[in-house]
Structures are given as structure tokens and as C-alpha cells.
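As C-alpha cells, the structure follows; a few thoughts come after it.
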Amino acid sequence: MIDTPTERAEDGPWAKLRRRKVVQWGILYAAGAWGFLQGLDYVTDTFQWPGQIQQLATLALLIGLPVVLVTAWYHGDQGRQRVSAAELIIITLLFLVGGGIFWRYDRANEAPSSAVASREPPGAPLAVAEKSIAVLPFVNMSGDTENEYFSDGISEEILNVLARVPELSVAARTSSFQFKGEKRDVAEIANQLKVRMVLEGSVRKQAERVRVTAQLIDAQTGFHVWSETYDRELKDIFAIQDEIARAIGDELKVRVLGQGHGTTAVSGTMNVQAHDLYLRGLTLWQTRKEDALFAAIDAFERAIAADPGFAQAWGGLAMTYAVLPAYTNRLATAVSADRSLDAAQRALALDPAQPEPYLAMGNVAAALTRRRETGAALLRRAIDLRPSSATAHQWLGTTLVEMGRLEEGIASLERAAELDPRSLIVANNHASMLLIAGRDAEAIEACTPALEYTPDSDLCSWIIGLSHLILGDRERARPFFDRSAAAWGGGTDQQVAALFDALDGRGDRKAFARSLMAFPERSWKESGSGNLFGDFDALVVLILLGEPGLALDYVDRGSRGDPIDLAWGVLLPSVDPIRCEPRFVAAVDRLGVVDHRAARLCAGQS
């Protein structure tokens, strides 16, 4: 390296750097670069420029730093040095290295999209929608668990605001709230929920004041798109909750959609106890277990007792009664339907813009009273009011399949799975409809991820087991039936063992088939009955056992009673051996479903 004549041999490296002003130039460059990036961040944020601009600018400034330092070494000492060949070579090499880095960066950014393009057919949608968001449960920083309702309530109200925006895809509460209390990377959460943006925040209550902090993160770039802190006095806790939820919701519409500000009404309560009970009811409703559903009814009824004008609690009560017959025998289907409709009507009288009453009435019409056209219309109305309602898309999907519109129904269920990727019941319904379509391997794929989130649940384990059984792979099917039996209990493990003994030739097939027929109707809803097989899978089992006559008896008997899942069971391809039998055709007619396979298989048969 060339020294100037003024430098002394005894000068150390640090003295040389100072004399040539390398340190001063470096500090000045760093300060200028930092100021430039701050200004660029503001401009990018204001005009909503792509986040890649900020990344490229940062990369360019980092590459420029060694160029500035080399220039300072040669010219920092009052500019007395002429440009030398060594200097030119070093700067040229730095620019070549910098260009290589830019090239690598550009290729890295192009690679993911190219990879997606190679896997997806032309015109296929991207895996993650550009205008999609998940609202994570806000963290309670108050150190008091009694304040949990407030932090959860903020998240809930923001979800309600955003879910009503047609252009925005919002991850369902079922999935986003599963990350509560977990320390996960935002990119990982976004990947699991299939969203582009993630909203997270915290709530801190202290004395008579509350501070709510929210921040919006672009998971693809890792950059913070927006953040804000709200400080309020706790004079009216729910007025503050609604105000902040609307403010954040309006801001997100601007940041994510580029829309102007607007107000969206938030239906709620001013009663703290009622709101807390409502949130408990929602959580219990999502589990889809008998005891939990009755506990949800109790929570919603107590919320209504605390505030009779709480429309959302009436809607939650209507939704719970609408699904109750599928999980219990403790209340007659007709009674559940009446109570659901009554609660739905009360909710609509209080808030006509609430989607839950339409959801409940739609499910009662389609699933409980076999008025599927009416049910589909009500469910579409719920989607109009809340386009991001996973439950609305789920129930509409199963209803359309029952109406013979198979592909349209499965597409609706795929939408539900996109909105609520961690929901067990959505995965279960999606897989069930895929089985009806004869897409058994896809049914396994639809339900397998759910077992990672809740390995002890039987909602997906039995559908995966049934899929393997239909595919003829008993070895793979057995562990999933064992898992379901372990979750259900009541001696069902012995029933599973007897079934596989019969299928493998170690037991009496006819004897097992008769034992299955001997169970009372809907016995599979009784945890101590010893029967794991319901209307959906019992038909498949009877056919696989080589007993089509008993399968026909099962359909004929079930269609005259109070069936829930039999409407799906008769649509399975596995029951084709009895599909054209007059008794089967009459049973399908009583169930009120459209058999999409009958027209092709039974043409010309009398």
C-alpha cells in the first residue's frame, strides 16, 4: 500500500486512518446513509411503494461503504493524492463485487416466483393472496389475567371490522388465536395461515389508563408497514375498545387495500362480564365436542342474561344450537332447530348486519330440516355480510355437495380451508366432501396437517383412517382408527380390533356386520355406547365386509329416522354396489340430497 511522504514510519494503523480521514469519512457516510434510509422509509410508507425499494437502497449503500473508505484512504488527506492505478483497480474490483451481489439478490427474488410458476398451471392463484391478513391475539401486558378479555376483545373487534371488507382475505379466529401465548416468528405464522400481512399488538392497563400498541408486518419482506400506539383513559372501556378497533381497521384498509378511511360499525356490549362470557362461548363452540357445546350454550346464555341487548351473544347461541344435533343425543334435533331459529331472530332484531344469524338459519335449513336451497341462500347472505367467514364457506360447500353441485361445493370448502387453515372441523368437512368426490388421497392430504395441531382429536384421524380403508390399505388405516378409539373411549378400541380381525380373515365378517346393525340409531354419539362408526362410515364398513344387503337395511332404516351424516354417507362412491336398488333410491329421496352418481350408474335400470 502507498503512503504519503508526510507519514512517519512510527505511525500506527489508527494514526494513519485518522490522518487520511478514513474514520471521519466513514462516520459521515454512515450518518448520511442512515438519514437517507429514514427519509426513504417515510416516502415509501406514504406513497405505498414496494418494500423492495428500501431493500435495494440499503444494499447499494452497504456496497458503497468500502468504495468511500478506499477513496478516503487515497484522497482524504486534503485531496493531495492523485488517482493511482492501484486505486482504480481496487475501486473497479469493489464495483464488480457489488454488481455480483446485486445480481445474486435479483436472482434470489426471482427464484421463488419462478418455482411457483413451474408448479402451478397457467391462471392458477398464488398460494398467498396479496391482500390477506391475520390478526393475532393482542398480548395482555397488564400482568392481570382478569384483563385478558380486554386484549382478546380488541383482537376480536378488529377481526369483525376487517372480515366485513370484501376485498380483504382475513384468517379466521379459530386459526389465528391458536398462536396465543406462543413465541413464533411472524414469517412462520404467516406461512401457516397463508397470509401476506400479520397484525400483532399488546395491551397494557395501568390504574385508569390503557395503552394499546399495534403493528402491521409484511411477512414476505419482514418490514413493518405501520405501527401506532393509542393512549386512553378508562372512562368507558368498551367505547375505547370499539374506537381503537375501528381506528386500526380503517388504517389497515388504507395500508393493505389503498382505500380511504371509513367507519365500520362494531356490534358489541358495554358489559364486561357479558363480553368475557361471549369470548368463552366462541372458544368452546369451535371445539365441536358435546360437553364443550353445552358449556358454550351456558356461556352465551349467561352473557345474554348480563346484557339482553348483546346481539353477538344471541348470534353465538344460535350458531351453537345449529350444530348441536351433530354431536349429541341429549336434545332432539327439532328442539335444537327451534332454539337456534329463535336466537337467530333475536340477534337479527338487534343487529340486522350481523352474519351469525344467517349462518345459523342457513345450517338449520340445510342440515336439520333438509331445505337446502333456502339454506344456500341464507349462507350466501352471510358471506355477503362477512366475506372472510370460514364457517359460511364451509357450510355452503357441504350444502352445495348435498345439492349435487360437487365441484362448486368443494371449491367453497377450499376457500374455507384457506381462511381457517388450522380449523379441525373445516379440515374434516373438506376431507369428507373429497371422499364423496372419490378423491381419497386428497382427503388424506386435507386432514393430515390438522393432526399436527391437535393430535388427540378424532375429527380428522377417523376420516384419514377411512380414506386408507377405502384405498385398500388396512395397514395404514389401523393406527388412525386406534387413535380415534383412544379419543372416543367407551370400549371402541375393542370394536376397532374386531373390525380389522374380520377384514383380515381372523374374525367372522357377518357377525361383526350384524353387531354393527344391532346398535341403536345415533348410538355413535353416545361416548359409552362402544360404537365408533356413524352414518357416514358404517355404510362403507358394511360394504367392505361383503354385506350389501345389511348396508341397504342400514340406509332404509336411517333415512326414516333422524339422520345427520347419512346424507353424506349415501353419496360416497363406496356404496355404488347398492346405489341403483329401489330401496336405496327411495332412501336418498327421503334424505333430500341429489345423488350425483346415480344418473351415470343407474341409467336404463328400472
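Every chain in the C-alpha cells takes a letter, A first, then B, and so on in the order presented; its residues are numbered from 1, and the ligands are numbered from 1 following the presented order.
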
### Query
Excluding same-chain residues fewer than 6 positions from range 475-492 of chain A, what lies within 7 Å of it counting only C-alpha atoms, as a list in words?
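Close residues of range 475-492 of chain A: Asp456, Ser457, Asp458, Ser461, Trp462, Ile464, Gly465, Leu466, His468, Leu469, Ser527, Gly528, Ser529, Gly530, Asn531 and Leu532 of chain A.
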
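Closest to Val323 in chain A among A:Gly546, A:Gly268, A:Pro352, A:Gly362 is A:Gly362, based on only C-alpha atoms.
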
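Residues within 7 Å of range 198-214 of chain A, counting only C-alpha atoms and excluding same-chain residues fewer than 6 positions away, are Ile133, Ala134, Val135, Leu136, Phe138, Val139, Asn140, Met141, Ser142, Ser151, Ala190, Ser227, Glu228, Thr229, Tyr230, Asp231, Arg232, Glu233 and Leu234 of chain A.
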
Can you tell me, as a compact mmCIF listing (two decimals) with C-alpha atoms, in the first residue's frame, what residues are no more than 9 Å from Ala274 in chain A when counting only C-alpha atoms, ignoring any on the same chain fewer than 2 positions away?
```txt
# COMPACT_ATOMS: atom_id res chain seq x y z
CA THR A 269 -71.76 -4.74 24.55
CA MET A 270 -70.85 -2.32 27.28
CA ASN A 271 -70.95 -5.08 29.89
CA VAL A 272 -67.54 -6.52 30.81
CA ASP A 276 -65.94 -12.16 28.64
CA LEU A 277 -68.61 -14.87 28.60
CA TYR A 278 -69.15 -14.32 24.88
CA LEU A 279 -65.46 -14.90 24.13
CA ALA A 299 -71.70 -19.08 28.44
CA PHE A 300 -73.82 -17.40 25.75
CA ARG A 302 -75.14 -16.01 30.84
CA ALA A 303 -73.80 -13.29 28.54
CA ILE A 304 -77.36 -12.59 27.38
CA ALA A 305 -78.58 -12.51 30.99
CA ALA A 306 -75.91 -9.89 31.75
CA ASP A 307 -76.83 -7.87 28.64
CA PHE A 310 -75.91 -8.15 23.15
CA ALA A 313 -74.18 -13.36 22.11
```

### Query
What separation in Å, quoted to one decimal, exists between CA of Glu526 in chain A and CA of Ala332 in chain A?
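Separation between CA of Glu526 in chain A and CA of Ala332 in chain A: 13.9 Å.
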
### Query
Between A:Asp501, A:Asp556, A:Glu407, A:Asp565, which is the closest to Ala367 in chain A once you count only C-alpha atoms?
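Smallest distance to Ala367 in chain A is found for A:Asp565.
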
### Backbone DSSP call of helix (DSSP H, G or I) for range 295-501 of chain A, listed as a PyMOL selection string
chain A and resi 295-306+311-326+333-350+356-368+372-385+390-402+406-419+424-436+440-453+461-470+474-488+492-501

### Query
In Å, with one decimal, what is the gap from CA of Thr374 in chain A to CA of Ser559 in chain A?
21.0 Å

Cut-off 12 Å: closest range 157-199 of chain A/range 443-455 of chain A atom pairs per residue, using only C-alpha atoms, as JSON lines:
```
{"residue": "A:Thr174", "atom": "CA", "partner": "A:Tyr453", "partner_atom": "CA", "distance": 11.8}
{"residue": "A:Ser175", "atom": "CA", "partner": "A:Tyr453", "partner_atom": "CA", "distance": 10.1}
{"residue": "A:Gln178", "atom": "CA", "partner": "A:Tyr453", "partner_atom": "CA", "distance": 8.9}
{"residue": "A:Phe179", "atom": "CA", "partner": "A:Tyr453", "partner_atom": "CA", "distance": 10.6}
{"residue": "A:Gln192", "atom": "CA", "partner": "A:Pro449", "partner_atom": "CA", "distance": 10.1}
```
